[in-house]
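J.: Okay, here's the structure, questions in a sec.
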Amino acid sequence: MMRWFHAARRSEAAGSVAIFAVLFAAYFVLKGSHYSLFEAGNLATNVLPLAVVGLAQYFVVLVRGIDLSLGPIMAVSGSLAAVLFPLGILPAIAAALAAGLVAGALNGLLVARLKLSPIVVTLATMSVWDGVALIVLPVPGGTIPPALQAILTTTPSFLPMSLVLLAAFTLLGSWIMTTRFGLQLRAIGGDETAAEASGVNVRRRQFCAYVLAGFLAACAGLYFAISTMAGSPIIGDGYVLPSIGAVVLGGVPLIGGRGSPVGVVMGALILTIIGSLLYFADLADFYQSLINGVILIVVVGAAAVRDWAREALAR
Amino acid sequence: MSEITPPSSSEDRRWAFFGFLSARAAPLASFLVILLMLVVCNMMAPGFVSVANIMQIAQLSAFLGIAAIGQTLVILCGGIDLSVAWTITGAACVFTQVSQGQSDMLLPALAAALAAGLGAGILNGIGVAKFRISPIVMTLAMNNVIQGVTLLYTEGTPSGSAVEESRFVATGYIGPFSVLVLLWVALAIVVIALLRLTRGGRQLLGVGENPLVSYLSGVRNDRVLISAYALSGLTAALAGVLYASFSGASFLGMGDTFVLPAIAAVVIGGASIYGGRGGYGGTVIGALSLTLLTTMLSIINFSAGGRDVIYGAVIIAALLLNRFTQGVAR
């Protein structure tokens, strides 16, 4: 028991798991009566795009970067798929994911290879991909095969597909972090010079982190388009802050090097549950962005307060 | 970012002139591009280059230019302000809703709007300087907070209208000169003088160049940072008031189109995004060239999507130009 307790204390995701548990309990009570697998599936469907784009942001933040263009990349991949689905399911999905790889490679080239500021570069590519999405699909719509939507979102008899996908992406992220590549990313975030000195090709790994982020963002955009039955060129801006929010709430410091994918997925769940709680509490949409902003400031600010307290105690 | 850069070999005076030029490559290049664009515009729409038209473009640039004052200051001290969008919208809504178009409410409304912007800026500054929150997260989160507060304040539909006097400032002319452009020129002179001639201006650049050295030289870094963010909120609010006066009313999302151009204007102006280098003069040129670009794209009926793509490409081009002419990758 104690051993488990210590392991949980060491785990970087413990805090966010605890917050999620409390919020989930509140959600459970407010909902009253029962909680079914169907609703778990619904929650997973709602949280999946944010969780996956949060993972994308996580890999970039891990190497001390930031990517503000992930939301617009989602918009491009979703719009592209919605336009191309009439040509066949596989080409559409391939094009959507390829768009994410290209977008990620462009960011990686500019940030990792040419050493430009990640904030301004991704702000610029954010504008570029927002524009591309509008060119591909001027108004929300397009075609999504109903069968695909049914498979990926609705609940079969025993296990909702969205829940399976959520688990799969979480496992994928966690698996990446156990590989040599993941360890190198962590090392770069911890101390770039030390990582370089111990033989890590810093630029190439940073480049890969941006490409991976672009790919994951494309997956998120694709799933969002499929689950809502329409591509939308304007969803991008709505995911910029939440993707960073999920990372921060997941206990990942923005100076990189620490944190775990499980924490990020928990962060996404926390943000989504707060949205549902606001809905139950019958608070207008107005509060959603206000509360998202306040939570983010409080969580990041609290880290500073904790550091002060630690310093004061150490003295 | 904290790498030590070797002292530049300033002994060689012959190179000083080239150094001067290359440090200003982006604003110089964009100035040439402005001239080129004017020629092209004149060919596509004969008579485009006239005093009246150029004054009109300067007038349109003024909103961006004024909103970018704060962005310049914040970027010079090594930060960034992404809360400009809703600060502009929020201040504009406060202005029109308090004044309700009544001239006798002009001063209270102006004061309320500017105070709102100043308050948001001070909060940004406290978050960044005191709580060490990264500027992107702090100002992006603050943007959401201001959005929420503005929606609650206006209940989703901004009301009221601009005042006669403020409409004159935003749209009126004295002789051939737009009042707004005169105001912008005055503000630009003040900002450039503050940056170049006062202790505060040098401290701002010092904090951006190297916070540790600045701190060890006895500068109160946190005060400098908070002042920069406060001024950013203030100038964004002023831009919002002027833009609402120009349009006659405020509307939700009116500030959204300013965020990227404001940062782009600063980058095109040759300021280092890592702080410490640059000034407001470059930003003025950046604002003029971006407004001219927008005007030209709308003359040739470019789609909104295409415009976004070009905007992004222009910022990346300016970044690359700065990177290769200023040399130091920090």
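Here, A, B, ... name the chains of the structure tokens in the order displayed, residue numbers run from 1 inside each chain, and ligands are numbered from 1 in the same displayed order.
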From a DSSP pass on the backbone, collect the residues of region 184-269 of chain B flagged as alpha helix (DSSP H) and hand them back as a CSV table (one decimal) with C-alpha atoms, in the first residue's frame.

T.:
```csv
chain,number,residue,atom,x,y,z
B,184,TRP,CA,-0.4,58.8,-34.8
B,185,VAL,CA,2.6,60.9,-35.8
B,186,ALA,CA,2.4,62.6,-32.5
B,187,LEU,CA,2.2,59.3,-30.6
B,188,ALA,CA,5.1,57.9,-32.7
B,189,ILE,CA,7.3,60.8,-31.9
B,190,VAL,CA,6.6,60.4,-28.2
B,191,VAL,CA,7.2,56.7,-28.2
B,192,ILE,CA,10.4,56.9,-30.2
B,193,ALA,CA,11.6,59.7,-27.9
B,194,LEU,CA,10.7,57.7,-24.8
B,195,LEU,CA,12.6,54.6,-26.1
B,196,ARG,CA,15.7,56.5,-27.2
B,197,LEU,CA,16.1,59.3,-24.8
B,199,ARG,CA,16.1,56.0,-18.8
B,200,GLY,CA,12.9,53.9,-18.9
B,201,GLY,CA,13.4,53.2,-22.6
B,202,ARG,CA,17.0,52.1,-22.1
B,203,GLN,CA,15.9,49.9,-19.2
B,204,LEU,CA,13.3,48.3,-21.4
B,205,LEU,CA,15.8,47.4,-24.0
B,206,GLY,CA,18.2,46.2,-21.3
B,207,VAL,CA,15.6,43.9,-19.8
B,208,GLY,CA,15.0,42.4,-23.3
B,209,GLU,CA,18.7,42.1,-24.1
B,211,PRO,CA,17.4,40.3,-17.9
B,212,LEU,CA,20.1,39.0,-15.5
B,213,VAL,CA,22.6,41.8,-16.4
B,214,SER,CA,19.8,44.3,-16.2
B,215,TYR,CA,18.8,43.0,-12.7
B,216,LEU,CA,22.4,43.0,-11.5
B,221,ASN,CA,13.0,44.2,-14.0
B,222,ASP,CA,9.5,43.5,-12.7
B,223,ARG,CA,8.5,47.1,-12.8
B,224,VAL,CA,9.8,47.6,-16.3
B,225,LEU,CA,7.9,44.5,-17.5
B,226,ILE,CA,4.7,45.5,-15.8
B,227,SER,CA,4.9,49.0,-17.3
B,228,ALA,CA,5.4,47.5,-20.8
B,229,TYR,CA,2.4,45.2,-20.6
B,230,ALA,CA,0.3,48.0,-19.0
B,231,LEU,CA,1.2,50.3,-21.9
B,232,SER,CA,0.4,47.5,-24.3
B,233,GLY,CA,-3.1,47.2,-22.8
B,234,LEU,CA,-3.5,51.0,-22.9
B,235,THR,CA,-2.6,51.4,-26.6
B,236,ALA,CA,-4.7,48.4,-27.6
B,237,ALA,CA,-7.6,50.1,-25.7
B,238,LEU,CA,-6.9,53.4,-27.5
B,239,ALA,CA,-6.9,51.6,-30.9
B,240,GLY,CA,-10.2,49.9,-29.9
B,241,VAL,CA,-11.8,53.3,-29.0
B,242,LEU,CA,-10.5,54.8,-32.3
B,243,TYR,CA,-11.6,51.8,-34.4
B,244,ALA,CA,-15.1,51.9,-32.8
B,245,SER,CA,-15.3,55.7,-33.5
B,246,PHE,CA,-14.2,55.0,-37.1
B,247,SER,CA,-16.9,52.3,-37.6
B,259,VAL,CA,-3.4,40.4,-33.4
B,260,LEU,CA,-1.3,38.9,-36.2
B,261,PRO,CA,-0.7,42.2,-38.1
B,262,ALA,CA,0.4,43.9,-34.9
B,263,ILE,CA,3.1,41.3,-34.3
B,264,ALA,CA,3.9,41.1,-38.0
B,265,ALA,CA,4.4,44.9,-38.1
B,266,VAL,CA,6.9,44.7,-35.2
B,267,VAL,CA,8.8,41.8,-36.9
B,268,ILE,CA,8.9,43.5,-40.2
```

J.: Could you write out as a count of residues only the residues of chain A within 8 Å of chain B, counting only C-alpha atoms?

T.: 37

J.: Of the candidates A:Ile188, A:Ala14, A:Ala194, A:Val52, which shows the shortest atom-to-atom distance to Gly256 (chain A), using only C-alpha atoms?

T.: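 Once distances to Gly256 (chain A) are computed over only C-alpha atoms, the minimum belongs to A:Ile188.
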
J.: From the options A:Val240, A:Ala168, A:Ile270, A:Leu152, which residue's atoms come nearest to Leu82 (chain B), counting only C-alpha atoms?

T.: A:Val240

J.: Please list as a PDB file with N, CA and C atoms, in the first residue's frame every residue within 8 Å of region 159-161 of chain A, counting only C-alpha atoms and excluding residues in the same chain fewer than 4 positions away.

T.:
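Output contents, as saved in part.pdb:
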```
ATOM      1  N   LEU A  37     -22.190   2.904 -19.963  1.00  0.00           N
ATOM      2  CA  LEU A  37     -21.067   2.810 -20.877  1.00  0.00           C
ATOM      3  C   LEU A  37     -21.284   3.745 -22.059  1.00  0.00           C
ATOM      4  N   PHE A  38     -22.570   3.938 -22.393  1.00  0.00           N
ATOM      5  CA  PHE A  38     -22.911   4.807 -23.510  1.00  0.00           C
ATOM      6  C   PHE A  38     -22.389   6.216 -23.263  1.00  0.00           C
ATOM      7  N   ALA A  40     -20.005   7.042 -21.128  1.00  0.00           N
ATOM      8  CA  ALA A  40     -18.537   7.028 -21.130  1.00  0.00           C
ATOM      9  C   ALA A  40     -18.035   7.176 -22.560  1.00  0.00           C
ATOM     10  N   GLY A  41     -18.723   6.503 -23.481  1.00  0.00           N
ATOM     11  CA  GLY A  41     -18.364   6.605 -24.888  1.00  0.00           C
ATOM     12  C   GLY A  41     -18.539   8.020 -25.402  1.00  0.00           C
ATOM     13  N   ILE A 151     -19.105   3.779 -37.020  1.00  0.00           N
ATOM     14  CA  ILE A 151     -18.099   2.875 -36.455  1.00  0.00           C
ATOM     15  C   ILE A 151     -17.284   3.572 -35.380  1.00  0.00           C
ATOM     16  N   LEU A 152     -16.885   4.828 -35.651  1.00  0.00           N
ATOM     17  CA  LEU A 152     -15.930   5.495 -34.772  1.00  0.00           C
ATOM     18  C   LEU A 152     -16.561   6.173 -33.569  1.00  0.00           C
ATOM     19  N   THR A 153     -17.874   6.394 -33.581  1.00  0.00           N
ATOM     20  CA  THR A 153     -18.439   7.103 -32.438  1.00  0.00           C
ATOM     21  C   THR A 153     -19.513   6.329 -31.690  1.00  0.00           C
ATOM     22  N   THR A 154     -20.438   5.695 -32.398  1.00  0.00           N
ATOM     23  CA  THR A 154     -21.564   5.092 -31.674  1.00  0.00           C
ATOM     24  C   THR A 154     -21.115   3.874 -30.881  1.00  0.00           C
ATOM     25  N   THR A 155     -21.915   3.532 -29.918  1.00  0.00           N
ATOM     26  CA  THR A 155     -21.525   2.519 -28.962  1.00  0.00           C
ATOM     27  C   THR A 155     -21.968   1.131 -29.382  1.00  0.00           C
ATOM     28  N   LEU A 165     -10.179   4.171 -28.806  1.00  0.00           N
ATOM     29  CA  LEU A 165      -9.237   5.068 -29.475  1.00  0.00           C
ATOM     30  C   LEU A 165      -8.513   5.955 -28.474  1.00  0.00           C
TER      31      LEU A 165
END
```

J.: Go ahead and compute the interatomic distance for CA of Ser289 (chain B) and CA of Ile34 (chain B), in Å to one decimal.

T.: 5.6 Å

J.: Which is closest to Ile274 (chain A) among A:Ala26, A:Val17, A:Ile235, A:Leu171, if we use only C-alpha atoms?

T.: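 Answer, going by the shortest atom-to-atom distance: A:Ala26.
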
J.: How many Å separate CA of Ile93 (chain A) from CA of Ser232 (chain A)?

T.: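 Separation between CA of Ile93 (chain A) and CA of Ser232 (chain A): 15.6 Å.
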
J.: Output as a list of chain:residue names all residues of region 49-191 of chain B that backbone DSSP marks as strand (DSSP E).

T.: B:Tyr173, B:Ile174, B:Phe177, B:Ser178

J.: What is the distance, in Å and to one decimal place, between CA of Gly90 (chain B) and CA of Leu123 (chain B)?

T.: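 Straight-line distance from CA of Gly90 (chain B) to CA of Leu123 (chain B) works out to 15.1 Å.
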
J.: Considering only C-alpha atoms, return as a PyMOL selection string whatever protein or nucleic-acid residues lie within 6 Å of region 142-145 of chain A, sequence-local ones (same chain, fewer than 2 positions apart) excluded.

T.: chain A and resi 82-83+147-148+229-231

J.: Which residues are near Asn201 (chain A)? Cut-off 12 Å, only C-alpha atoms, ignore same chain within fewer than 6 positions. Put them as a PDB file with C-alpha atoms, in the first residue's frame.

T.:
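This went into result-v4.pdb:
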```
ATOM      1  CA  ALA A 112      14.515  23.422 -35.453  1.00  0.00           C
ATOM      2  CA  ARG A 113      16.623  23.844 -38.572  1.00  0.00           C
ATOM      3  CA  PHE A 181      13.383   8.787 -29.115  1.00  0.00           C
ATOM      4  CA  GLN A 184      16.033  11.987 -26.163  1.00  0.00           C
ATOM      5  CA  LEU A 185      13.132  14.452 -26.366  1.00  0.00           C
ATOM      6  CA  ALA A 187      16.781  15.090 -22.446  1.00  0.00           C
ATOM      7  CA  ILE A 188      16.576  18.012 -24.907  1.00  0.00           C
ATOM      8  CA  GLU A 192      19.723  21.116 -24.634  1.00  0.00           C
ATOM      9  CA  THR A 193      23.488  21.572 -24.333  1.00  0.00           C
ATOM     10  CA  ALA A 194      23.910  18.460 -22.205  1.00  0.00           C
ATOM     11  CA  ALA A 195      21.776  16.453 -24.625  1.00  0.00           C
ATOM     12  CA  PHE A 207      12.247  18.561 -36.092  1.00  0.00           C
ATOM     13  CA  CYS A 208      10.735  15.106 -35.449  1.00  0.00           C
TER      14      CYS A 208
END
```
